[in-house]
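Enquirer: Would you mind keeping the following structure in view while I ask a few things?
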Amino acid sequence: MTVAAQSGWQAIEKIETYAIEGTTGAELYASIGAHGPQAGGLGRAIAYTTFKLTWTRNYQPQGTACVLVSARPKLTLIYKLPKPAKRLQGEAAALWNVFLAGVTAHEKIHGDFIRDMVGEIERVSVGLSVPNDPKCRKIRTELTARLGQISLAQRQRSRDFDRAELSAGGNVHQLILQLVNQRRPM
């Protein structure tokens, strides 16, 4: 059972697309290279996952301390994926469907990493107590410091995953080769 399921929240998932042109795998992939989303200054990506996260938090003074008694996330995962502008036919359509399914599965794993991060934030947040903070100001600074480390760990996890998936022989690399070389996966 996921952390989200245990604590009663669920992420909302949205899929956004960007248009690409072509009728062959090579043309489609070239169009991804020309029109794909920018990836953090590193060039264009095939797809990416981002999120919007807000919290409802209940800070309560308890004596001279402040305690975060509850923290409820609202998480929206946004997957940006390529979409051919024209309907594909035959083998190109079949290869595209395999490619897109694989890329989507890859992005959903990034979504799982984000869900894990939100669960970890919730875990370290609820019950956090800061002494000598009856106006509940210091606790926010303490919480922000903890959350920064969790966010950095999630980004590193995603980078490591991408490195493995995009490296020679990795899953996404294989999907690209199958699409461009127009051959069915084994």
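Within each chain, counting starts at residue 1; across the structure tokens, chains are named A, B, ... in the order shown, with ligands numbered 1 upward in that order.
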Name the residues of region 42-184 of chain A that fall into helix (DSSP H, G or I) according to DSSP on the backbone, using the chain letters and numbers of this document, as a VMD selection string.
Expert: chain A and resid 90 to 125 138 to 166 171 to 180
Enquirer: Show which residues sit within 6 Å of Thr17 (chain A), as a list in words. Count only C-alpha atoms, and ignore same-chain residues fewer than 5 positions away.
Expert: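 What passes the distance filter is Lys80, Leu81, Pro82 and Lys83 of chain A.
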Enquirer: Would you list the contacts of Thr141 (chain A) as number ranges by chain, taking every protein, DNA or RNA residue within 12 Å and counting only C-alpha atoms, but skipping same-chain residues closer than 6 positions in sequence?
Expert: A: 128-130, 133, 147-148
Enquirer: Write a file of the just-selected residues containing C-alpha atoms, as a short mmCIF file (atom, residue, chain, number, x, y, z; two decimals), in the first residue's frame.
Expert:
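Okay, out.cif is ready:
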```
data_model
loop_
_atom_site.label_atom_id
_atom_site.label_comp_id
_atom_site.auth_asym_id
_atom_site.auth_seq_id
_atom_site.Cartn_x
_atom_site.Cartn_y
_atom_site.Cartn_z
CA LEU A 128 7.06 18.13 14.13
CA SER A 129 7.48 20.20 17.27
CA VAL A 130 9.64 23.27 17.86
CA ASP A 133 7.73 28.95 19.32
CA LEU A 147 11.77 19.71 2.97
CA GLY A 148 14.68 21.06 0.94
#
```
Enquirer: Find the spatial neighbours of Asn58 (chain A), counting only C-alpha atoms, within a cut-off of 7 Å - ignore same-chain residues fewer than 5 positions away - and output them as a list in words.
Expert: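 Neighbouring residues, sequence-local ones excluded: Leu68, Val69, Ser70 and Ala71 of chain A.
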Enquirer: For region 90-104 of chain A, find every residue with an atom within 12 Å (counting only C-alpha atoms), except residues of its own chain fewer than 4 positions away, and show them as a PyMOL selection string.
Expert: chain A and resi 15-17+20+22-29+45-49+78-84+86+108-111+162+165-166+170-186
Enquirer: Write out as an mmCIF file with N, CA and C atoms, in the first residue's frame each polymer residue whose atoms come within 7 Å of Tyr59 (chain A), counting only C-alpha atoms; drop sequence neighbours fewer than 2 positions from it.
Expert:
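The resulting file, around04.cif, is shown below:
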```cif
data_model
loop_
_atom_site.group_PDB
_atom_site.id
_atom_site.type_symbol
_atom_site.label_atom_id
_atom_site.label_comp_id
_atom_site.auth_asym_id
_atom_site.auth_seq_id
_atom_site.Cartn_x
_atom_site.Cartn_y
_atom_site.Cartn_z
ATOM 1 N N ARG A 57 -1.954 22.806 6.173
ATOM 2 C CA ARG A 57 -1.238 22.428 7.392
ATOM 3 C C ARG A 57 -1.920 23.049 8.609
ATOM 4 N N PRO A 61 -0.119 25.950 18.661
ATOM 5 C CA PRO A 61 0.731 26.191 19.832
ATOM 6 C C PRO A 61 0.328 25.218 20.950
ATOM 7 N N CYS A 66 5.413 24.846 19.326
ATOM 8 C CA CYS A 66 4.474 24.777 18.213
ATOM 9 C C CYS A 66 4.572 23.380 17.622
ATOM 10 N N VAL A 67 3.419 22.782 17.343
ATOM 11 C CA VAL A 67 3.371 21.432 16.794
ATOM 12 C C VAL A 67 2.580 21.466 15.493
ATOM 13 N N LEU A 68 3.107 20.793 14.494
ATOM 14 C CA LEU A 68 2.383 20.613 13.234
ATOM 15 C C LEU A 68 1.545 19.352 13.420
ATOM 16 N N VAL A 69 0.253 19.538 13.656
ATOM 17 C CA VAL A 69 -0.595 18.393 14.000
ATOM 18 C C VAL A 69 -1.145 17.676 12.772
ATOM 19 N N CYS A 136 4.264 30.027 16.370
ATOM 20 C CA CYS A 136 4.424 29.104 15.241
ATOM 21 C C CYS A 136 5.114 29.759 14.041
#
```
Enquirer: If I take CA of Ala11 (chain A) and CA of Thr76 (chain A), how far is one from the other in Å, to one decimal?
Expert: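 So the two atoms, CA of Ala11 (chain A) and CA of Thr76 (chain A), lie 5.6 Å apart.
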